[in-house]
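Text of entry05.cif, listed as mmCIF, C-alpha atoms:
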data_upload
#
loop_
_atom_site.group_PDB
_atom_site.id
_atom_site.type_symbol
_atom_site.label_atom_id
_atom_site.label_comp_id
_atom_site.auth_asym_id
_atom_site.auth_seq_id
_atom_site.Cartn_x
_atom_site.Cartn_y
_atom_site.Cartn_z
ATOM 1 C CA GLN A 1 -21.683 -25.618 0.212
ATOM 2 C CA VAL A 2 -17.999 -24.881 -0.255
ATOM 3 C CA GLN A 3 -16.076 -22.175 1.534
ATOM 4 C CA VAL A 4 -13.108 -20.653 -0.273
ATOM 5 C CA VAL A 5 -10.586 -18.539 1.625
ATOM 6 C CA GLU A 6 -7.567 -16.801 0.136
ATOM 7 C CA SER A 7 -4.482 -15.586 1.971
ATOM 8 C CA GLY A 8 -1.006 -14.283 1.241
ATOM 9 C CA GLY A 9 -1.631 -10.982 -0.487
ATOM 10 C CA GLY A 10 0.282 -7.838 0.330
ATOM 11 C CA SER A 11 2.616 -5.196 -1.007
ATOM 12 C CA VAL A 12 5.855 -5.908 -2.810
ATOM 13 C CA GLN A 13 8.387 -3.996 -4.858
ATOM 14 C CA PRO A 14 8.752 -4.591 -8.601
ATOM 15 C CA GLY A 15 10.734 -7.726 -9.239
ATOM 16 C CA GLY A 16 9.632 -9.250 -5.968
ATOM 17 C CA SER A 17 7.676 -12.382 -5.197
ATOM 18 C CA LEU A 18 4.532 -13.364 -3.336
ATOM 19 C CA ARG A 19 2.803 -16.654 -2.692
ATOM 20 C CA LEU A 20 -0.978 -16.817 -2.489
ATOM 21 C CA SER A 21 -2.867 -19.673 -0.884
ATOM 22 C CA CYS A 22 -6.481 -20.706 -1.208
ATOM 23 C CA ALA A 23 -8.162 -23.307 0.937
ATOM 24 C CA ALA A 24 -11.500 -24.876 0.078
ATOM 25 C CA SER A 25 -13.622 -26.574 2.716
ATOM 26 C CA GLY A 26 -17.069 -28.082 2.982
ATOM 27 C CA SER A 27 -18.736 -30.405 0.495
ATOM 28 C CA ILE A 28 -15.682 -30.983 -1.668
ATOM 29 C CA PHE A 29 -15.907 -33.097 -4.806
ATOM 30 C CA ARG A 30 -12.729 -35.058 -5.367
ATOM 31 C CA LEU A 31 -12.548 -33.979 -9.006
ATOM 32 C CA ASN A 32 -12.556 -30.212 -9.273
ATOM 33 C CA THR A 33 -10.872 -27.206 -10.786
ATOM 34 C CA MET A 34 -9.247 -24.483 -8.730
ATOM 35 C CA SER A 35 -8.404 -21.215 -10.397
ATOM 36 C CA TRP A 36 -6.935 -17.820 -9.684
ATOM 37 C CA TYR A 37 -8.487 -14.725 -11.223
ATOM 38 C CA ARG A 38 -7.569 -11.089 -10.767
ATOM 39 C CA GLN A 39 -9.276 -7.774 -11.189
ATOM 40 C CA ALA A 40 -7.405 -4.505 -11.467
ATOM 41 C CA PRO A 41 -9.123 -1.142 -10.924
ATOM 42 C CA GLY A 42 -11.249 -0.255 -13.920
ATOM 43 C CA LYS A 43 -10.658 -3.588 -15.610
ATOM 44 C CA GLU A 44 -12.621 -6.784 -15.984
ATOM 45 C CA ARG A 45 -11.835 -9.850 -13.939
ATOM 46 C CA GLU A 46 -9.455 -12.119 -15.817
ATOM 47 C CA LEU A 47 -8.220 -15.674 -15.461
ATOM 48 C CA VAL A 48 -4.651 -15.913 -14.214
ATOM 49 C CA ALA A 49 -4.184 -19.664 -13.888
ATOM 50 C CA ARG A 50 -6.167 -22.851 -13.305
ATOM 51 C CA ILE A 51 -5.357 -26.355 -12.198
ATOM 52 C CA ILE A 52 -7.469 -29.488 -12.184
ATOM 53 C CA THR A 53 -7.302 -32.328 -9.689
ATOM 54 C CA GLY A 54 -4.964 -34.327 -11.919
ATOM 55 C CA GLY A 55 -2.500 -31.465 -12.095
ATOM 56 C CA SER A 56 -3.009 -30.070 -15.601
ATOM 57 C CA THR A 57 -2.574 -26.316 -15.682
ATOM 58 C CA ASN A 58 -3.395 -23.300 -17.828
ATOM 59 C CA TYR A 59 -1.940 -19.803 -17.579
ATOM 60 C CA ALA A 60 -2.723 -16.397 -18.968
ATOM 61 C CA ASP A 61 -0.076 -15.326 -21.459
ATOM 62 C CA SER A 62 0.775 -12.332 -19.289
ATOM 63 C CA VAL A 63 1.975 -14.523 -16.413
ATOM 64 C CA LYS A 64 3.541 -17.489 -18.193
ATOM 65 C CA GLY A 65 7.072 -18.087 -16.980
ATOM 66 C CA ARG A 66 6.545 -15.905 -13.892
ATOM 67 C CA PHE A 67 3.640 -17.489 -12.015
ATOM 68 C CA THR A 68 3.243 -21.103 -10.966
ATOM 69 C CA ILE A 69 0.011 -22.675 -9.796
ATOM 70 C CA SER A 70 0.073 -25.839 -7.713
ATOM 71 C CA ARG A 71 -2.254 -27.730 -5.428
ATOM 72 C CA ASP A 72 -2.316 -30.064 -2.474
ATOM 73 C CA ASN A 73 -5.322 -32.315 -2.968
ATOM 74 C CA ALA A 74 -5.093 -33.714 0.538
ATOM 75 C CA LYS A 75 -5.510 -30.199 1.925
ATOM 76 C CA ASN A 76 -7.898 -28.945 -0.803
ATOM 77 C CA THR A 77 -5.531 -26.037 -1.174
ATOM 78 C CA VAL A 78 -4.199 -24.263 -4.227
ATOM 79 C CA TYR A 79 -1.158 -22.008 -4.348
ATOM 80 C CA LEU A 80 -0.013 -19.288 -6.707
ATOM 81 C CA GLN A 81 3.690 -18.522 -6.631
ATOM 82 C CA MET A 82 4.221 -15.146 -8.249
ATOM 83 C CA ASN A 83 7.720 -14.092 -9.249
ATOM 84 C CA SER A 84 9.125 -11.103 -11.131
ATOM 85 C CA LEU A 85 6.104 -9.046 -10.188
ATOM 86 C CA ASN A 86 5.460 -5.750 -11.910
ATOM 87 C CA SER A 87 2.973 -2.936 -11.530
ATOM 88 C CA GLU A 88 0.583 -4.539 -14.012
ATOM 89 C CA ASP A 89 0.137 -7.430 -11.594
ATOM 90 C CA THR A 90 -1.482 -5.097 -9.064
ATOM 91 C CA ALA A 91 -5.027 -6.333 -8.541
ATOM 92 C CA VAL A 92 -7.379 -8.130 -6.226
ATOM 93 C CA TYR A 93 -6.747 -11.841 -6.672
ATOM 94 C CA TYR A 94 -9.677 -14.223 -6.343
ATOM 95 C CA CYS A 95 -9.744 -17.966 -5.926
ATOM 96 C CA ARG A 96 -12.461 -19.969 -7.633
ATOM 97 C CA TRP A 97 -13.516 -23.560 -6.962
ATOM 98 C CA THR A 98 -15.658 -25.341 -9.549
ATOM 99 C CA ALA A 99 -16.956 -28.866 -9.946
ATOM 100 C CA TRP A 100 -20.026 -30.450 -11.551
ATOM 101 C CA GLY A 101 -21.873 -27.161 -11.987
ATOM 102 C CA HIS A 102 -20.969 -25.867 -8.532
ATOM 103 C CA ASP A 103 -19.097 -22.570 -8.499
ATOM 104 C CA TYR A 104 -17.658 -20.812 -5.450
ATOM 105 C CA TRP A 105 -15.459 -17.740 -5.114
ATOM 106 C CA GLY A 106 -13.318 -16.428 -2.328
ATOM 107 C CA GLN A 107 -13.489 -12.889 -1.022
ATOM 108 C CA GLY A 108 -10.275 -11.826 -2.721
ATOM 109 C CA THR A 109 -6.849 -10.728 -1.545
ATOM 110 C CA GLN A 110 -5.089 -7.542 -2.581
ATOM 111 C CA VAL A 111 -1.714 -7.665 -4.307
ATOM 112 C CA THR A 112 0.045 -4.336 -4.782
ATOM 113 C CA VAL A 113 3.298 -3.994 -6.691
ATOM 114 C CA SER A 114 4.878 -0.609 -6.158
ATOM 115 C CA SER A 115 8.218 0.984 -5.506
#
Written form, structure tokens:
Amino acid sequence: QVQVVESGGGSVQPGGSLRLSCAASGSIFRLNTMSWYRQAPGKERELVARIITGGSTNYADSVKGRFTISRDNAKNTVYLQMNSLNSEDTAVYYCRWTAWGHDYWGQGTQVTVSS
């Protein structure tokens, strides 16, 4: 079993920044993928960014150049630095941990961008 816990959500004005964190604990495989997804009201959940153990990353086109995903393998923690936020970034952000057919999600953290 793997437990995944997000933190760092909140409210911010347009143009502002937030940093999300996600810590995985339990039966951790050394090689894994950690990802951030988001789901806005009335929309499907979408991939925001992912990072594998070696550091390779992928981003949704909508966040490229604004968001940065990083990880600390020693702490089994992934971060999402979000800059230049706008109203379209408002959503519940979920962390996902996957490895060798195992798939675990966090409970989500709300990010609201509003003036």
How many Å lie between atom CA of Ser17 of chain A and atom CA of Thr98 of chain A, rounded to one decimal?
27.0 Å
Step by step, gather every atom of segment 86-91 of chain A that the file lists, find the box along x, y and z that holds them, add 6 Å on each side, and finally give centre and edge lengths in Å to one decimal, as lines of an AutoDock Vina configuration file.
center_x = 0.2
center_y = -5.2
center_z = -11.3
size_x = 22.5
size_y = 16.5
size_z = 17.5
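Between Ser115 of chain A and the candidates A:Leu85, A:Val5, A:Val78, A:Leu20, the tightest atom-to-atom separation, counting all atoms listed in the file, involves A:Leu85.
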List, as a short mmCIF file (atom, residue, chain, number, x, y, z; two decimals) with C-alpha atoms, in the frame of the given file, every residue that the PyMOL selection byres ((chain A and resi 49-56) around 6) selects in the file provided.
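The resulting part03.cif:
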data_model
loop_
_atom_site.label_atom_id
_atom_site.label_comp_id
_atom_site.auth_asym_id
_atom_site.auth_seq_id
_atom_site.Cartn_x
_atom_site.Cartn_y
_atom_site.Cartn_z
CA LEU A 31 -12.55 -33.98 -9.01
CA ASN A 32 -12.56 -30.21 -9.27
CA THR A 33 -10.87 -27.21 -10.79
CA MET A 34 -9.25 -24.48 -8.73
CA SER A 35 -8.40 -21.22 -10.40
CA TRP A 36 -6.94 -17.82 -9.68
CA LEU A 47 -8.22 -15.67 -15.46
CA VAL A 48 -4.65 -15.91 -14.21
CA THR A 57 -2.57 -26.32 -15.68
CA ASN A 58 -3.40 -23.30 -17.83
CA TYR A 59 -1.94 -19.80 -17.58
#
Could you state which residues are captured by the PyMOL selection byres ((chain A and resi 65-72) around 7) in this file, as a short mmCIF file (atom, residue, chain, number, x, y, z; two decimals) with C-alpha atoms, in the coordinates of the input?
data_model
loop_
_atom_site.label_atom_id
_atom_site.label_comp_id
_atom_site.auth_asym_id
_atom_site.auth_seq_id
_atom_site.Cartn_x
_atom_site.Cartn_y
_atom_site.Cartn_z
CA ALA A 49 -4.18 -19.66 -13.89
CA ILE A 51 -5.36 -26.36 -12.20
CA VAL A 63 1.98 -14.52 -16.41
CA LYS A 64 3.54 -17.49 -18.19
CA ASN A 73 -5.32 -32.32 -2.97
CA ALA A 74 -5.09 -33.71 0.54
CA LYS A 75 -5.51 -30.20 1.92
CA ASN A 76 -7.90 -28.94 -0.80
CA THR A 77 -5.53 -26.04 -1.17
CA VAL A 78 -4.20 -24.26 -4.23
CA TYR A 79 -1.16 -22.01 -4.35
CA LEU A 80 -0.01 -19.29 -6.71
CA GLN A 81 3.69 -18.52 -6.63
CA MET A 82 4.22 -15.15 -8.25
CA ASN A 83 7.72 -14.09 -9.25
CA SER A 84 9.12 -11.10 -11.13
#
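Of the listed residues (A:Ala91, A:Glu6, A:Trp105, A:Val12), A:Ala91 comes nearest to Arg45 of chain A; the distances count all atoms listed in the file.
One finds atom CA of Gly101 of chain A at 18.3 Å from atom CA of Tyr37 of chain A.
Of the listed residues (A:Val113, A:Ala60, A:Ile28, A:Leu18), A:Ile28 comes nearest to Trp97 of chain A; the distances count only C-alpha atoms.
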Applied to the shown file, which residues does the PyMOL selection byres ((chain A and resi 109) around 8) return, written as a VMD selection string?
chain A and resid 6 to 10 92 to 94 107 to 108 110 to 111
Please determine, counting only C-alpha atoms, which residue among A:Ser87, A:Gly42, A:Phe29, A:Ser11 has the shortest atom-to-atom distance to Asp103 of chain A.
A:Phe29
Point-to-point distance from atom CA of Val4 of chain A to atom CA of Gln39 of chain A, Å rounded to tenths
17.3 Å
